[in-house]
Amino acid sequence: MQSKFANIYFYPTANVSENSEIGVGSKIWQNVQVREGAIIGKNCNISKDVYIDFNVSIGNNCKIQNGVSIFHGVTIEDDVFVGPNAVFTNDKVPRSFNLEWSVVPTLVKHGSSIGANATIVCGITIGEYAMVGAGSVVTKDVKPYTLVLGNPAKFYSYIDKMGNKIEYDPLDK
Ligand SMILES: CC(C)(COP(=O)(O)OP(=O)(O)OC[C@H]1O[C@@H](n2cnc3c(N)ncnc32)[C@H](O)[C@@H]1OP(=O)(O)O)[C@@H](O)C(=O)NCCC(=O)NCCS
């Protein structure tokens with residue numbers, strides 16, 4: 001791989017644009033595609049078959065599991081976990097023949113986790129240390145330190161930083 005990517009592990013079948021940026025200590029596994037303008041932080045693990053679209057931004061220490069699709073308009077902060085085959089969308093009302101569609105951004109705040117096979121409908125913010133249950137369809141903002149579940153995803157519980165359920169909002173003073 002190119003010298004600008006020293007101290008990064010790439011599996012030989014990874015397809016990484018020279019115009020992306022990847023932080024030291026990150027690992028990029030089989031068949032991952034990283035598009036132009038994408039930024040991946042330090043010490044990230046980008047697992048097999050992940051697609052990272054152009055200009056996507058991913059912070060430090062993130063784990064992105066097999067088969068995840070992260071489209072243009074998505075920003076992922078530090079310490080985020082994304083379970084296998086989760087999808088982030090970027091077009092709220094897709095039509096193949098609409099050439100004037102616009103990207104709807106999504107923000108995933110630090111420390112949050114997205115369960116396997118979750119679908120994140122664009123235009124929302126997932127708060128810090130929030131958790132999205134496996135298979136959920138998230139259509140609205142997720143408050144920090146909360147667990148949401150189901151389709152559509154709904155509040156289930158407050159949680160602490162480790163994801164344990166708690167009975168109070170830790171942000172309440
Ligand atoms: C959401 C999650 C964290 C909850 O775990 P938990 O705190 O142990 O919760 P419980 O198993 O006690 O379940 C609580 C309730 O929510 C339901 N539930 C649990 N996970 C659910 C999910 N993903 N979607 C919908 N309902 C779910 C349970 O059936 C249970 O319902 P009940 O109260 O009617 O019996 C967990 O189920 C989950 O989805 N984890 C993500 C796993 C994952 O994707 N890992 C990725 C790496 S492999």
# chains A, B, ... in the order shown; residues from 1 in each chain; ligands from 1
call {"tool": "residues_near_ligand", "arguments": {"ligand": "ligand 1", "cutoff": "9 Å", "atoms": "only C-alpha atoms and all ligand atoms", "output": "list in words"}}
result
Gln65, Phe81, Val82, Gly83, Pro84, Ala86, Ser113, Ile114, Gly115, Ala116, Asn117, Ala118, Met131, Val132, Gly133, Ala134, Gly135, Ser136, Leu147, Val148, Leu149, Gly150, Asn151, Ala153, Tyr156, Ser157, Gly163, Asn164 and Lys165 of chain A
call {"tool": "residues_around", "arguments": {"residues": "Asp53 (chain A)", "least_positions_apart": "4", "cutoff": "9 Å", "atoms": "only C-alpha atoms", "output": "ChimeraX atom specification"}}
result
/A:33-38,69-74
call {"tool": "select_by_dssp", "arguments": {"residues": "region 79-163 of chain A", "states": "strand (DSSP E or B)", "output": "list in words"}}
result
Phe81, Val82, Val87, Phe88, Thr106, Leu107, Val108, Ser113, Ile114, Thr119, Ile120, Thr125, Ile126, Met131, Val132, Val137, Val138, Val142, Thr146, Leu147, Val148, Leu149, Lys154, Phe155, Tyr156, Ser157, Tyr158 and Ile159 of chain A
call {"tool": "closest_atom_pairs", "arguments": {"of": "region 46-157 of chain A", "to": "region 3-20 of chain A", "cutoff": "9 Å", "atoms": "only C-alpha atoms", "output": "CSV"}}
result
residue,atom,partner,partner_atom,distance
A:Lys48,CA,A:Ala14,CA,8.7
A:Asp49,CA,A:Ala14,CA,8.7
A:Phe54,CA,A:Ser20,CA,8.4
A:Asn55,CA,A:Ser20,CA,8.2
call {"tool": "write_last_selection", "arguments": {"atoms": "all heavy atoms", "output": "compact mmCIF listing (two decimals), in the first residue's frame"}}
result
# COMPACT_ATOMS: atom_id res chain seq x y z
N LYS A 48 -14.28 -6.97 7.26
CA LYS A 48 -14.50 -7.47 5.89
C LYS A 48 -15.75 -6.85 5.23
O LYS A 48 -16.80 -6.72 5.87
CB LYS A 48 -14.67 -8.98 6.01
CG LYS A 48 -14.82 -9.73 4.73
CD LYS A 48 -14.74 -11.21 5.04
CE LYS A 48 -14.93 -12.05 3.81
NZ LYS A 48 -16.32 -12.17 3.39
N ASP A 49 -15.60 -6.49 3.96
CA ASP A 49 -16.72 -6.06 3.10
C ASP A 49 -17.40 -4.75 3.51
O ASP A 49 -18.52 -4.48 3.08
CB ASP A 49 -17.82 -7.15 3.03
CG ASP A 49 -17.31 -8.42 2.39
OD1 ASP A 49 -16.45 -8.35 1.50
OD2 ASP A 49 -17.78 -9.51 2.81
N PHE A 54 -17.51 8.30 -0.25
CA PHE A 54 -16.65 9.48 -0.34
C PHE A 54 -17.01 10.49 0.75
O PHE A 54 -18.18 10.68 1.09
CB PHE A 54 -16.67 10.10 -1.74
CG PHE A 54 -17.97 10.72 -2.15
CD1 PHE A 54 -18.16 12.09 -2.06
CD2 PHE A 54 -19.00 9.95 -2.65
CE1 PHE A 54 -19.35 12.68 -2.46
CE2 PHE A 54 -20.19 10.52 -3.04
CZ PHE A 54 -20.37 11.89 -2.94
N ASN A 55 -15.95 11.09 1.29
CA ASN A 55 -16.05 12.17 2.31
C ASN A 55 -16.68 11.74 3.63
O ASN A 55 -16.96 12.61 4.46
CB ASN A 55 -16.81 13.38 1.77
CG ASN A 55 -16.07 14.06 0.64
OD1 ASN A 55 -14.90 13.74 0.39
ND2 ASN A 55 -16.70 14.98 -0.05
call {"tool": "atom_distance", "arguments": {"atom1": "CA of Lys42 (chain A)", "atom2": "CA of Tyr129 (chain A)"}}
result
19.4 Å
call {"tool": "atom_distance", "arguments": {"atom1": "CA of Trp29 (chain A)", "atom2": "CA of Tyr51 (chain A)"}}
result
11.2 Å
call {"tool": "closest_residue", "arguments": {"among": "A:Ile39, A:Cys44, A:Ile126, A:Met162", "to": "Gly25 (chain A)", "atoms": "only C-alpha atoms"}}
result
A:Cys44
call {"tool": "residues_around", "arguments": {"residues": "region 158-161 of chain A", "least_positions_apart": "4", "cutoff": "10 Å", "atoms": "only C-alpha atoms", "output": "PyMOL selection string"}}
result
chain A and resi 111-112+128-131+143-148+165-170
